[in-house]
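Colleague: So that you have it, the file is upload11.cif, and it contains mmCIF, C-alpha atoms and all ligand atoms:
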data_entry
loop_
_atom_site.label_atom_id
_atom_site.label_comp_id
_atom_site.auth_asym_id
_atom_site.auth_seq_id
_atom_site.Cartn_x
_atom_site.Cartn_y
_atom_site.Cartn_z
CA MET Y 72 -38.10 75.38 155.15
CA SER Y 73 -41.37 76.15 153.40
CA THR Y 74 -43.32 73.54 151.48
CA ILE Y 75 -44.61 74.35 148.00
CA LEU Y 76 -47.40 72.38 146.34
CA LEU Y 77 -47.02 72.15 142.56
CA ALA Y 78 -50.39 71.45 140.94
CA GLY Y 79 -49.55 69.91 137.57
CA GLY Y 80 -45.94 69.69 138.70
CA ALA Y 81 -45.02 66.65 136.58
CA GLY Y 82 -45.42 68.67 133.38
CA TYR Y 83 -42.85 70.57 131.35
CA ILE Y 84 -42.66 73.81 133.34
CA GLY Y 85 -43.59 72.22 136.67
CA SER Y 86 -40.77 69.66 136.56
CA HIS Y 87 -38.17 72.34 135.79
CA THR Y 88 -39.58 74.52 138.57
CA ALA Y 89 -39.40 71.58 140.98
CA VAL Y 90 -35.65 71.30 140.29
CA GLU Y 91 -35.04 74.99 140.99
CA LEU Y 92 -37.21 75.04 144.13
CA LEU Y 93 -35.43 71.96 145.53
CA ASN Y 94 -32.05 73.50 144.70
CA ALA Y 95 -33.13 76.63 146.58
CA GLY Y 96 -33.96 74.54 149.66
CA TYR Y 97 -37.77 74.33 149.41
CA GLU Y 98 -39.74 71.13 150.06
CA VAL Y 99 -41.86 70.14 147.06
CA VAL Y 100 -45.18 68.26 146.89
CA VAL Y 101 -46.46 67.43 143.39
CA VAL Y 102 -50.09 66.68 142.49
CA ASP Y 103 -50.77 65.54 138.92
CA ASN Y 104 -53.15 63.24 137.05
CA TYR Y 105 -50.57 62.60 134.28
CA SER Y 106 -53.08 63.60 131.60
CA ASN Y 107 -50.15 65.22 129.77
CA SER Y 108 -47.10 63.95 131.68
CA SER Y 109 -45.42 61.03 133.35
CA PRO Y 110 -44.25 60.29 136.91
CA GLU Y 111 -40.88 59.50 135.28
CA ALA Y 112 -40.31 63.28 135.04
CA ILE Y 113 -40.39 63.53 138.84
CA ARG Y 114 -38.08 60.53 139.27
CA ARG Y 115 -35.61 62.41 137.08
CA VAL Y 116 -36.09 65.63 139.07
CA GLU Y 117 -35.05 63.59 142.12
CA LYS Y 118 -32.03 62.27 140.22
CA ILE Y 119 -30.90 65.78 139.23
CA THR Y 120 -31.31 67.25 142.70
CA GLY Y 121 -30.56 64.25 144.94
CA LYS Y 122 -33.72 65.19 146.89
CA THR Y 123 -37.13 63.57 147.23
CA VAL Y 124 -40.50 64.85 146.06
CA LYS Y 125 -43.79 63.78 147.61
CA LEU Y 126 -45.96 62.74 144.67
CA TYR Y 127 -49.75 62.33 144.48
CA GLU Y 128 -51.63 61.02 141.45
CA LEU Y 129 -55.04 62.66 141.42
CA ASP Y 130 -57.33 64.90 139.47
CA ILE Y 131 -57.26 68.35 141.03
CA LYS Y 132 -60.94 68.82 140.19
CA ASP Y 133 -61.61 66.15 142.84
CA ASN Y 134 -61.93 68.31 145.98
CA ALA Y 135 -62.26 65.42 148.40
CA LYS Y 136 -58.94 63.91 147.33
CA LEU Y 137 -57.23 67.29 147.25
CA PHE Y 138 -58.35 67.91 150.84
CA GLU Y 139 -56.44 64.77 151.87
CA VAL Y 140 -53.22 66.18 150.38
CA PHE Y 141 -53.63 69.42 152.33
CA LYS Y 142 -54.46 67.46 155.48
CA GLU Y 143 -51.28 65.38 155.16
CA ASN Y 144 -48.92 68.27 154.37
CA ARG Y 145 -48.44 71.73 155.79
CA ILE Y 146 -48.50 73.73 152.54
CA ASP Y 147 -47.10 77.28 152.56
CA ALA Y 148 -47.80 78.17 148.92
CA VAL Y 149 -49.27 76.68 145.76
CA ILE Y 150 -48.12 77.03 142.17
CA HIS Y 151 -50.96 76.21 139.79
CA PHE Y 152 -49.59 74.72 136.54
CA ALA Y 153 -52.40 72.19 136.06
CA GLY Y 154 -54.24 72.86 132.86
CA LEU Y 155 -54.87 71.82 129.30
CA LYS Y 156 -52.82 73.98 126.95
CA ALA Y 157 -53.24 73.02 123.29
CA VAL Y 158 -54.71 76.03 121.50
CA GLY Y 159 -56.08 74.09 118.49
CA GLU Y 160 -57.62 71.38 120.69
CA SER Y 161 -59.30 74.08 122.79
CA VAL Y 162 -61.15 75.26 119.67
CA GLN Y 163 -62.36 71.68 119.00
CA LYS Y 164 -63.17 70.87 122.65
CA PRO Y 165 -63.97 74.14 124.42
CA ILE Y 166 -66.16 72.59 127.13
CA MET Y 167 -63.39 70.19 128.15
CA TYR Y 168 -60.98 73.16 128.39
CA TYR Y 169 -63.33 75.36 130.41
CA ARG Y 170 -64.24 72.44 132.70
CA ASN Y 171 -60.67 71.33 133.40
CA ASN Y 172 -58.91 74.66 133.62
CA ILE Y 173 -61.53 76.55 135.60
CA ASP Y 174 -62.53 73.66 137.89
CA THR Y 175 -58.92 72.96 138.89
CA THR Y 176 -58.60 76.62 139.85
CA LEU Y 177 -61.81 76.68 141.90
CA SER Y 178 -60.93 73.42 143.58
CA LEU Y 179 -57.48 74.73 144.60
CA LEU Y 180 -58.89 78.01 145.92
CA GLU Y 181 -61.61 76.23 147.94
CA THR Y 182 -59.11 73.80 149.44
CA MET Y 183 -56.62 76.54 150.26
CA SER Y 184 -59.36 78.52 152.00
CA GLU Y 185 -60.39 75.46 154.03
CA TYR Y 186 -56.79 74.86 155.19
CA GLY Y 187 -55.75 78.49 155.66
CA VAL Y 188 -53.19 78.49 152.81
CA ASN Y 189 -52.91 82.07 151.59
CA ASN Y 190 -50.37 82.11 148.76
CA ILE Y 191 -50.88 81.10 145.15
CA ILE Y 192 -48.91 81.65 141.96
CA PHE Y 193 -50.72 81.03 138.69
CA SER Y 194 -49.39 80.02 135.25
CA SER Y 195 -51.02 82.60 133.05
CA SER Y 196 -50.09 83.42 129.49
CA ALA Y 197 -49.25 86.28 127.17
CA SER Y 198 -52.37 85.22 125.26
CA VAL Y 199 -54.52 87.22 127.74
CA TYR Y 200 -53.25 90.45 126.14
CA GLY Y 201 -55.41 89.49 123.17
CA GLU Y 202 -55.16 90.79 119.64
CA ASN Y 203 -55.48 94.55 120.05
CA ASN Y 204 -52.86 95.58 122.60
CA PRO Y 205 -49.64 96.94 121.04
CA VAL Y 206 -46.27 95.24 121.68
CA PRO Y 207 -44.32 95.17 123.91
CA TYR Y 208 -46.97 94.01 126.37
CA THR Y 209 -46.91 95.64 129.80
CA GLU Y 210 -48.81 94.43 132.83
CA THR Y 211 -50.82 97.66 133.13
CA MET Y 212 -52.61 96.95 129.83
CA LYS Y 213 -56.16 95.65 130.04
CA ARG Y 214 -56.79 92.01 129.24
CA GLY Y 215 -57.85 91.82 125.61
CA VAL Y 216 -60.06 89.80 123.30
CA CYS Y 217 -58.55 86.31 123.13
CA THR Y 218 -58.41 84.37 119.88
CA ASN Y 219 -59.30 80.92 121.29
CA PRO Y 220 -60.92 79.15 124.30
CA TYR Y 221 -57.52 78.31 125.84
CA GLY Y 222 -56.71 82.01 126.06
CA TRP Y 223 -60.17 82.75 127.47
CA THR Y 224 -59.70 80.16 130.24
CA LYS Y 225 -56.52 82.02 131.28
CA SER Y 226 -58.27 85.38 131.11
CA MET Y 227 -61.23 84.10 133.16
CA MET Y 228 -58.97 82.45 135.73
CA GLU Y 229 -57.06 85.72 136.20
CA GLN Y 230 -60.42 87.37 136.93
CA ILE Y 231 -61.32 84.63 139.41
CA PHE Y 232 -58.02 85.11 141.28
CA GLU Y 233 -58.45 88.87 141.37
CA ASP Y 234 -62.00 88.59 142.71
CA ALA Y 235 -60.97 86.01 145.31
CA ALA Y 236 -58.13 88.24 146.52
CA LYS Y 237 -60.45 91.26 146.66
CA ALA Y 238 -62.81 89.34 148.93
CA ASP Y 239 -60.10 87.91 151.18
CA GLU Y 240 -57.42 90.34 152.24
CA ASN Y 241 -55.19 87.50 153.47
CA LEU Y 242 -55.01 85.87 150.04
CA SER Y 243 -51.87 86.70 148.04
CA VAL Y 244 -51.79 86.04 144.31
CA ILE Y 245 -49.14 86.38 141.64
CA LEU Y 246 -50.33 85.93 138.05
CA LEU Y 247 -47.27 85.05 135.97
CA ARG Y 248 -47.79 85.67 132.28
CA TYR Y 249 -45.42 83.39 130.41
CA PHE Y 250 -44.25 84.17 126.90
CA ASN Y 251 -42.84 81.24 124.84
CA PRO Y 252 -40.96 78.75 127.02
CA ILE Y 253 -38.53 76.47 125.14
CA GLY Y 254 -35.31 74.61 125.97
CA ALA Y 255 -34.70 72.01 128.65
CA HIS Y 256 -32.59 71.40 131.75
CA GLU Y 257 -28.93 71.33 130.75
CA SER Y 258 -28.57 67.74 132.01
CA GLY Y 259 -30.76 66.69 129.05
CA ILE Y 260 -32.78 64.32 131.25
CA ILE Y 261 -35.93 66.42 131.66
CA GLY Y 262 -37.63 68.39 128.92
CA GLU Y 263 -40.83 68.95 126.96
CA ASP Y 264 -42.57 65.70 125.99
CA PRO Y 265 -45.56 66.53 123.77
CA GLN Y 266 -48.04 63.73 123.06
CA GLY Y 267 -48.65 63.11 119.33
CA ILE Y 268 -47.88 65.74 116.72
CA PRO Y 269 -46.41 68.83 118.42
CA ASN Y 270 -48.37 72.08 118.14
CA ASN Y 271 -45.51 74.30 119.23
CA LEU Y 272 -42.55 75.36 117.15
CA MET Y 273 -39.52 74.12 119.10
CA PRO Y 274 -40.72 70.53 119.71
CA TYR Y 275 -41.58 70.33 116.01
CA VAL Y 276 -38.14 71.62 115.00
CA SER Y 277 -36.44 69.10 117.33
CA GLN Y 278 -38.56 66.21 116.07
CA VAL Y 279 -37.70 67.04 112.45
CA ALA Y 280 -34.01 67.20 113.43
CA VAL Y 281 -34.17 63.77 115.12
CA GLY Y 282 -36.01 62.24 112.13
CA LYS Y 283 -39.41 61.71 113.78
CA ARG Y 284 -41.11 64.23 111.45
CA GLU Y 285 -40.40 64.76 107.79
CA CYS Y 286 -40.46 68.55 107.45
CA LEU Y 287 -41.35 71.71 109.36
CA THR Y 288 -43.98 73.98 107.83
CA ILE Y 289 -43.34 77.63 108.65
CA PHE Y 290 -46.78 79.17 108.99
CA GLY Y 291 -46.63 82.27 106.80
CA ASN Y 292 -43.80 84.43 105.46
CA ASP Y 293 -45.84 87.47 104.50
CA TYR Y 294 -46.20 89.05 107.95
CA PRO Y 295 -45.15 92.68 108.48
CA THR Y 296 -41.97 91.63 110.34
CA HIS Y 297 -38.28 91.99 109.37
CA ASP Y 298 -38.22 88.63 107.53
CA GLY Y 299 -41.93 88.01 107.00
CA THR Y 300 -42.27 85.27 109.65
CA CYS Y 301 -43.91 85.75 113.07
CA THR Y 302 -41.83 86.90 116.02
CA ARG Y 303 -42.18 85.64 119.60
CA ASP Y 304 -40.48 86.18 122.95
CA TYR Y 305 -38.83 82.78 123.50
CA ILE Y 306 -37.63 82.15 127.04
CA HIS Y 307 -35.46 79.32 128.38
CA VAL Y 308 -37.56 77.08 130.65
CA VAL Y 309 -34.80 77.10 133.32
CA ASP Y 310 -34.92 80.91 133.42
CA LEU Y 311 -38.69 80.66 133.69
CA ALA Y 312 -38.35 78.14 136.53
CA LYS Y 313 -35.97 80.48 138.37
CA GLY Y 314 -38.57 83.23 137.98
CA HIS Y 315 -40.98 81.02 139.93
CA VAL Y 316 -38.47 80.63 142.77
CA LYS Y 317 -38.19 84.43 142.97
CA ALA Y 318 -41.99 84.71 142.92
CA ILE Y 319 -42.23 82.18 145.78
CA ASP Y 320 -39.59 84.09 147.79
CA TYR Y 321 -41.63 87.25 147.21
CA ILE Y 322 -45.11 85.92 147.96
CA LEU Y 323 -43.95 84.30 151.22
CA SER Y 324 -42.81 87.69 152.50
CA HIS Y 325 -45.47 90.05 151.01
CA ASN Y 326 -49.23 90.27 151.09
CA CYS Y 327 -49.73 91.03 147.42
CA VAL Y 328 -51.75 90.78 144.22
CA GLU Y 329 -49.42 91.15 141.25
CA ILE Y 330 -49.39 90.46 137.54
CA ILE Y 331 -45.88 89.82 136.22
CA ASN Y 332 -44.64 89.03 132.70
CA LEU Y 333 -42.00 86.33 132.41
CA GLY Y 334 -40.30 86.90 129.08
CA THR Y 335 -36.93 88.12 127.85
CA GLY Y 336 -38.20 91.25 126.11
CA THR Y 337 -36.44 90.23 122.88
CA PRO Y 338 -38.43 88.84 119.94
CA TYR Y 339 -37.06 86.33 117.41
CA SER Y 340 -38.67 85.19 114.17
CA VAL Y 341 -39.49 81.61 113.20
CA THR Y 342 -36.72 81.73 110.59
CA GLU Y 343 -34.21 82.88 113.22
CA ILE Y 344 -35.19 79.97 115.47
CA VAL Y 345 -34.63 77.46 112.67
CA SER Y 346 -31.32 78.95 111.53
CA THR Y 347 -29.97 79.26 115.11
CA PHE Y 348 -30.97 75.66 115.86
CA GLU Y 349 -29.17 74.48 112.71
CA ARG Y 350 -26.02 76.51 113.40
CA VAL Y 351 -25.64 75.75 117.12
CA ASN Y 352 -26.33 72.04 116.75
CA GLY Y 353 -24.71 71.46 113.36
CA ILE Y 354 -27.83 69.75 112.01
CA LYS Y 355 -30.24 70.53 109.15
CA VAL Y 356 -33.93 71.10 109.78
CA LYS Y 357 -35.90 70.54 106.58
CA HIS Y 358 -38.55 73.24 106.24
CA VAL Y 359 -41.03 74.74 103.78
CA TYR Y 360 -43.13 77.89 103.88
CA GLY Y 361 -46.88 77.35 104.14
CA PRO Y 362 -49.99 79.45 104.71
CA ARG Y 363 -50.58 81.43 107.88
CA ARG Y 364 -52.05 79.56 110.89
CA ALA Y 365 -55.44 80.93 111.99
CA GLY Y 366 -55.25 83.11 115.09
CA ASP Y 367 -51.47 83.80 114.98
CA LEU Y 368 -50.36 87.35 115.74
CA ALA Y 369 -47.44 88.79 113.74
CA GLU Y 370 -45.45 89.98 116.76
CA LEU Y 371 -45.65 89.23 120.45
CA TYR Y 372 -43.13 90.10 123.15
CA ALA Y 373 -42.88 91.28 126.72
CA ASN Y 374 -41.84 94.38 128.49
CA ALA Y 375 -39.83 92.43 131.09
CA ASP Y 376 -39.05 95.30 133.47
CA LYS Y 377 -41.59 94.62 136.21
CA ALA Y 378 -40.13 91.17 137.02
CA ALA Y 379 -36.72 92.82 137.39
CA GLU Y 380 -38.08 95.59 139.64
CA ILE Y 381 -40.29 93.49 141.89
CA LEU Y 382 -38.69 90.05 141.87
CA GLY Y 383 -35.10 90.96 141.01
CA TRP Y 384 -35.31 88.48 138.12
CA ARG Y 385 -34.24 88.70 134.49
CA ALA Y 386 -33.77 85.92 131.97
CA GLU Y 387 -30.07 85.07 131.61
CA LYS Y 388 -29.91 82.45 128.86
CA ASN Y 389 -29.77 83.32 125.17
CA LEU Y 390 -31.25 81.81 122.03
CA GLU Y 391 -28.19 79.61 121.47
CA ASP Y 392 -28.65 78.09 124.94
CA MET Y 393 -32.33 77.46 124.22
CA CYS Y 394 -31.61 75.71 120.90
CA ARG Y 395 -28.69 73.68 122.26
CA ASP Y 396 -30.61 72.48 125.34
CA SER Y 397 -33.77 71.63 123.35
CA TRP Y 398 -31.68 69.44 121.04
CA ASN Y 399 -29.72 67.86 123.90
CA TRP Y 400 -33.02 66.70 125.48
CA GLN Y 401 -34.50 65.56 122.15
CA LYS Y 402 -31.51 63.58 120.93
CA ASN Y 403 -31.02 61.84 124.28
CA ASN Y 404 -34.75 61.09 124.63
CA PRO Y 405 -36.14 60.64 121.10
CA ASN Y 406 -39.34 59.15 122.56
CA GLY Y 407 -39.58 61.52 125.51
CA TYR Y 408 -40.19 59.77 128.83
CA ASN Y 409 -41.40 56.56 127.09
CA GLN Y 410 -38.00 54.95 126.56
P1 LIG Y 501 -47.89 70.52 130.73
O1 LIG Y 501 -49.08 69.97 130.02
O2 LIG Y 501 -46.56 69.91 130.48
O3 LIG Y 501 -48.16 70.55 132.30
C1 LIG Y 501 -49.46 70.66 132.86
C2 LIG Y 501 -49.62 69.53 133.87
O4 LIG Y 501 -50.91 69.61 134.47
C3 LIG Y 501 -49.49 68.15 133.22
O5 LIG Y 501 -48.57 67.39 133.96
C4 LIG Y 501 -50.91 67.57 133.34
O6 LIG Y 501 -50.89 66.16 133.47
C5 LIG Y 501 -51.42 68.29 134.57
N1 LIG Y 501 -52.89 68.41 134.67
C6 LIG Y 501 -53.76 68.93 133.75
N2 LIG Y 501 -55.00 68.87 134.21
C7 LIG Y 501 -54.95 68.30 135.46
C8 LIG Y 501 -55.92 67.96 136.44
N3 LIG Y 501 -57.22 68.17 136.24
N4 LIG Y 501 -55.49 67.39 137.60
C9 LIG Y 501 -54.17 67.15 137.80
N5 LIG Y 501 -53.20 67.45 136.91
C10 LIG Y 501 -53.60 68.02 135.75
O7 LIG Y 501 -47.84 72.09 130.39
P2 LIG Y 501 -46.69 73.15 130.70
O8 LIG Y 501 -46.11 73.57 129.39
O9 LIG Y 501 -45.82 72.66 131.78
O10 LIG Y 501 -47.58 74.35 131.21
C11 LIG Y 501 -47.88 74.56 132.58
C12 LIG Y 501 -48.89 75.68 132.70
O11 LIG Y 501 -48.35 76.85 132.09
C13 LIG Y 501 -50.22 75.39 132.00
O12 LIG Y 501 -51.26 75.91 132.79
C14 LIG Y 501 -50.10 76.16 130.71
O13 LIG Y 501 -51.35 76.58 130.22
C15 LIG Y 501 -49.28 77.36 131.15
N6 LIG Y 501 -48.55 77.99 130.03
C16 LIG Y 501 -47.73 77.22 129.27
C17 LIG Y 501 -47.07 77.79 128.19
C18 LIG Y 501 -46.19 76.94 127.29
O14 LIG Y 501 -45.89 77.38 126.18
N7 LIG Y 501 -45.74 75.76 127.71
C19 LIG Y 501 -47.22 79.15 127.91
C20 LIG Y 501 -48.05 79.91 128.74
C21 LIG Y 501 -48.71 79.31 129.81
N1 LIG Y 502 -44.96 77.82 114.01
C1 LIG Y 502 -44.62 77.39 112.74
N2 LIG Y 502 -44.69 76.04 112.48
C2 LIG Y 502 -45.06 75.13 113.41
C3 LIG Y 502 -45.39 75.59 114.71
C4 LIG Y 502 -45.33 76.94 114.98
O1 LIG Y 502 -44.29 78.18 111.86
O2 LIG Y 502 -45.14 73.92 113.10
C5 LIG Y 502 -44.88 79.27 114.31
C6 LIG Y 502 -46.20 79.88 114.71
O3 LIG Y 502 -46.89 80.33 113.55
C7 LIG Y 502 -45.76 81.02 115.61
C8 LIG Y 502 -44.46 80.54 116.24
O4 LIG Y 502 -44.03 79.44 115.42
O5 LIG Y 502 -45.47 82.14 114.85
C9 LIG Y 502 -44.63 80.04 117.66
O6 LIG Y 502 -45.71 79.11 117.70
P1 LIG Y 502 -46.05 78.26 118.97
O7 LIG Y 502 -47.26 77.42 118.64
O8 LIG Y 502 -44.83 77.54 119.44
O9 LIG Y 502 -46.38 79.34 120.09
P2 LIG Y 502 -47.53 80.47 120.16
O10 LIG Y 502 -46.81 81.77 120.15
O11 LIG Y 502 -48.45 80.28 119.01
O12 LIG Y 502 -48.17 80.21 121.47
#
For this file, write the structure as structure tokens.
Ligand code: NAD
Ligand code: UDP
Modeller:
Amino acid sequence: MSTILLAGGAGYIGSHTAVELLNAGYEVVVVDNYSNSSPEAIRRVEKITGKTVKLYELDIKDNAKLFEVFKENRIDAVIHFAGLKAVGESVQKPIMYYRNNIDTTLSLLETMSEYGVNNIIFSSSASVYGENNPVPYTETMKRGVCTNPYGWTKSMMEQIFEDAAKADENLSVILLRYFNPIGAHESGIIGEDPQGIPNNLMPYVSQVAVGKRECLTIFGNDYPTHDGTCTRDYIHVVDLAKGHVKAIDYILSHNCVEIINLGTGTPYSVTEIVSTFERVNGIKVKHVYGPRRAGDLAELYANADKAAEILGWRAEKNLEDMCRDSWNWQKNNPNGYNQ
């Protein structure tokens, strides 16, 4: 069976993808520096699947150490999750974001070239569509003007992958543009474990519900949407993980360069997220309306058809599943992986 290297595989999306790859029969090697994660996540992946994961603690920017991993393992494909992802922090510390996100990418591509590994899947983001493309976003649209350095790192890395594939006809690349991943594995033993005050909506909602935060502020209720709050294309992280398995199946049997959205195609508003979470879980989430957050777009959702056509993948879980599973993880692990 093929061996897949997950760069940044101990993180939120990487750990869920590891479960689905192992369940599908792939061997998994994880490389992570735990800058935003814990090796405990991988121990729990092993518990869920009953399989073992080869785990390396290292900074992917460190080429020499990465070479050792490729020397020790016959890697068939790489999934590149490793990156810093906090939008607000990227505005405060742009150099750190450009250095980490772009260097990890260059380091992986150089190492793959050295060891003749020709397949890479990259965690890109809907943020590369920028502020001027109309919704729903389709993959044929041009990358737009991003609203923050995080988004620009994704846009630049997409360009790097495209240029690398143009220069090397053996290199296959799939750029997966994620929409808004939420939820957790249904076991409730792996999930999203943000450090400090969460930036994203669902971890904030869950932490208010569990009593770790006082009150959710909904950022703006005067947007031109059906209820005045922003809409997003929320996708269950297990669906997203299964999309990666399909992308791996595809890249191992095609020489390709593809951009593929991973979203559901259905937008929900912030208010709908809060009310669904309350209803499904039978718990109140205290919230107030506050001013808009700088850089937020009113509406953002995918045209999800290309993933269905090319990969044979569509999201299967609904908003109730996402809210139930987010809460199941949060209430069983109020302090995340630091029990
Ligand atoms: P995460 O922070 O949970 O996972 C990223 C992992 O990469 C972490 O385990 C971190 O320790 C590791 N990492 C970072 N820099 C590293 C380095 N230099 N060397 C080794 N390991 C390093 O984030 P996630 O939510 O799982 O996201 C995974 C990827 O998907 C990221 O690239 C992110 O930008 C992208 N993405 C995420 C979302 C989202 O909403 N979660 C949306 C779109 C795109
Ligand atoms: N949001 C909010 N309060 C919060 C966090 C987020 O109202 O504490 C809103 C935010 O304005 C956006 C949506 O929730 O409309 C999703 O935000 P998130 O940061 O999770 O994802 P984004 O789409 O910005 O990447």
Colleague: 9 Å from ligand LIG 501 (chain Y) is the threshold here; counting all atoms listed in the file, which polymer residues fall inside it? Answer as number ranges by chain.
Modeller: Y: 78-87, 102-110, 128-133, 151-157, 170-172, 174-175, 193-198, 221-222, 225, 247-253, 263-265, 271, 308
Colleague: Report as a Markdown table: every residue of chain Y with an atom at most 10 Å from ligand LIG 502 (chain Y), its closest pair of atoms, and their distance in Å to one decimal, counting all atoms listed in the file, with rows sorted by chain and ascending residue number.
Modeller:
| residue | atom | partner | partner_atom | distance |
| --- | --- | --- | --- | --- |
| Y:Lys156 | CA | Y:LIG502 | O12 | 9.5 |
| Y:Ala157 | CA | Y:LIG502 | O7 | 8.8 |
| Y:Val158 | CA | Y:LIG502 | O12 | 7.8 |
| Y:Gly159 | CA | Y:LIG502 | O7 | 9.4 |
| Y:Ser196 | CA | Y:LIG502 | O12 | 8.8 |
| Y:Ala197 | CA | Y:LIG502 | O12 | 8.4 |
| Y:Ser198 | CA | Y:LIG502 | O12 | 7.6 |
| Y:Gly222 | CA | Y:LIG502 | O12 | 9.9 |
| Y:Tyr249 | CA | Y:LIG502 | O12 | 9.9 |
| Y:Phe250 | CA | Y:LIG502 | O10 | 7.6 |
| Y:Asn251 | CA | Y:LIG502 | O10 | 6.2 |
| Y:Pro252 | CA | Y:LIG502 | O8 | 8.6 |
| Y:Ile253 | CA | Y:LIG502 | O8 | 8.6 |
| Y:Ile268 | CA | Y:LIG502 | O2 | 9.4 |
| Y:Pro269 | CA | Y:LIG502 | O2 | 7.5 |
| Y:Asn270 | CA | Y:LIG502 | O7 | 5.5 |
| Y:Asn271 | CA | Y:LIG502 | O8 | 3.3 |
| Y:Leu272 | CA | Y:LIG502 | C3 | 3.8 |
| Y:Met273 | CA | Y:LIG502 | O8 | 6.3 |
| Y:Pro274 | CA | Y:LIG502 | O8 | 8.1 |
| Y:Tyr275 | CA | Y:LIG502 | O2 | 5.8 |
| Y:Val276 | CA | Y:LIG502 | O2 | 7.6 |
| Y:Cys286 | CA | Y:LIG502 | O2 | 9.1 |
| Y:Leu287 | CA | Y:LIG502 | O2 | 5.8 |
| Y:Thr288 | CA | Y:LIG502 | N2 | 5.1 |
| Y:Ile289 | CA | Y:LIG502 | O1 | 3.4 |
| Y:Phe290 | CA | Y:LIG502 | O1 | 3.9 |
| Y:Gly291 | CA | Y:LIG502 | O1 | 6.9 |
| Y:Asn292 | CA | Y:LIG502 | O1 | 9.0 |
| Y:Tyr294 | CA | Y:LIG502 | O5 | 9.8 |
| Y:Thr300 | CA | Y:LIG502 | O5 | 6.9 |
| Y:Cys301 | CA | Y:LIG502 | O5 | 4.3 |
| Y:Thr302 | CA | Y:LIG502 | O5 | 6.1 |
| Y:Arg303 | CA | Y:LIG502 | O10 | 6.1 |
| Y:Asp304 | CA | Y:LIG502 | O10 | 8.2 |
| Y:Tyr305 | CA | Y:LIG502 | C9 | 8.7 |
| Y:Tyr339 | CA | Y:LIG502 | C8 | 9.5 |
| Y:Ser340 | CA | Y:LIG502 | O5 | 7.5 |
| Y:Val341 | CA | Y:LIG502 | O4 | 5.5 |
| Y:Thr342 | CA | Y:LIG502 | O1 | 8.5 |
| Y:Ile344 | CA | Y:LIG502 | O4 | 8.9 |
| Y:Val345 | CA | Y:LIG502 | O1 | 9.7 |
| Y:His358 | CA | Y:LIG502 | N2 | 9.2 |
| Y:Val359 | CA | Y:LIG502 | O1 | 9.4 |
| Y:Tyr360 | CA | Y:LIG502 | O1 | 8.1 |
| Y:Gly361 | CA | Y:LIG502 | O1 | 8.2 |
| Y:Pro362 | CA | Y:LIG502 | O1 | 9.2 |
| Y:Arg363 | CA | Y:LIG502 | O3 | 6.9 |
| Y:Arg364 | CA | Y:LIG502 | O3 | 5.9 |
| Y:Ala365 | CA | Y:LIG502 | O3 | 8.7 |
| Y:Gly366 | CA | Y:LIG502 | O11 | 8.3 |
| Y:Asp367 | CA | Y:LIG502 | O3 | 5.9 |
| Y:Leu368 | CA | Y:LIG502 | O5 | 7.2 |
| Y:Ala369 | CA | Y:LIG502 | O5 | 7.0 |
| Y:Glu370 | CA | Y:LIG502 | O5 | 8.1 |
| Y:Leu371 | CA | Y:LIG502 | O10 | 7.6 |
| Y:Tyr372 | CA | Y:LIG502 | O10 | 9.6 |
Colleague: Put the listed atoms of segment 319-332 of chain Y in a box along x, y and z with 8 Å added on every side and give me the centre and edge lengths in Å to one decimal, as JSON.
Modeller:
{"center_x": -45.7, "center_y": 86.7, "center_z": 142.6, "size_x": 28.2, "size_y": 25.0, "size_z": 35.8}
Colleague: One decimal, Å: what's the distance from atom CA of Ala135 of chain Y over to atom CA of Glu181 of chain Y, could you say?
Modeller: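 Spanning atom CA of Ala135 of chain Y to atom CA of Glu181 of chain Y is a straight-line distance of 10.8 Å.
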Colleague: At a cut-off of 6 Å, using all atoms listed in the file, what residues contact Ser243 of chain Y? Leave out same-chain residues fewer than 2 positions from it and give the result as a ChimeraX atom specification.
Modeller: /Y:189-190,326-328
Colleague: So what do you get for atom CA of Ile381 of chain Y versus atom CA of Thr182 of chain Y, distance-wise?
Modeller: 28.3 Å
Colleague: Figure out the distance between atom CA of Glu229 of chain Y and atom CA of Glu143 of chain Y, please, to one decimal in Å.
Modeller: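 Taking atom CA of Glu143 of chain Y and atom CA of Glu229 of chain Y, their separation equals 28.4 Å.
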Colleague: Using all atoms listed in the file, what table do you get, as a tab-separated table, when you list each residue of segment 230-342 of chain Y with an atom no more than 7 Å from segment 390-407 of chain Y, its nearest pair of atoms, and their distance in Å rounded to one decimal, rows by chain then rising number?
Modeller:
residue	atom	partner	partner_atom	distance
Y:Ile253	CA	Y:Met393	CA	6.3
Y:Gly254	CA	Y:Ser397	CA	4.3
Y:Ala255	CA	Y:Asp396	CA	5.3
Y:His256	CA	Y:Asp396	CA	6.8
Y:Glu257	CA	Y:Asp396	CA	5.8
Y:Gly259	CA	Y:Trp400	CA	4.2
Y:Ile260	CA	Y:Trp400	CA	6.2
Y:Ile261	CA	Y:Trp400	CA	6.8
Y:Gly262	CA	Y:Trp400	CA	6.0
Y:Asp264	CA	Y:Gly407	CA	5.2
Y:Ser277	CA	Y:Trp398	CA	6.0
Y:Val281	CA	Y:Lys402	CA	6.4
Y:His307	CA	Y:Met393	CA	5.5
Colleague: Taking (-37.0, 63.3, 147.7) in the coordinates of the supplied file, I want to know which residues reach to within 10 Å of it, counting all atoms listed in the file; could you give the answer as a list in words?
Modeller: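 Taken together, the residues in range are Leu93, Glu98, Val99, Val100, Ile113, Arg114, Val116, Glu117, Lys118, Thr120, Gly121, Lys122, Thr123, Val124, Lys125 and Leu126 of chain Y.
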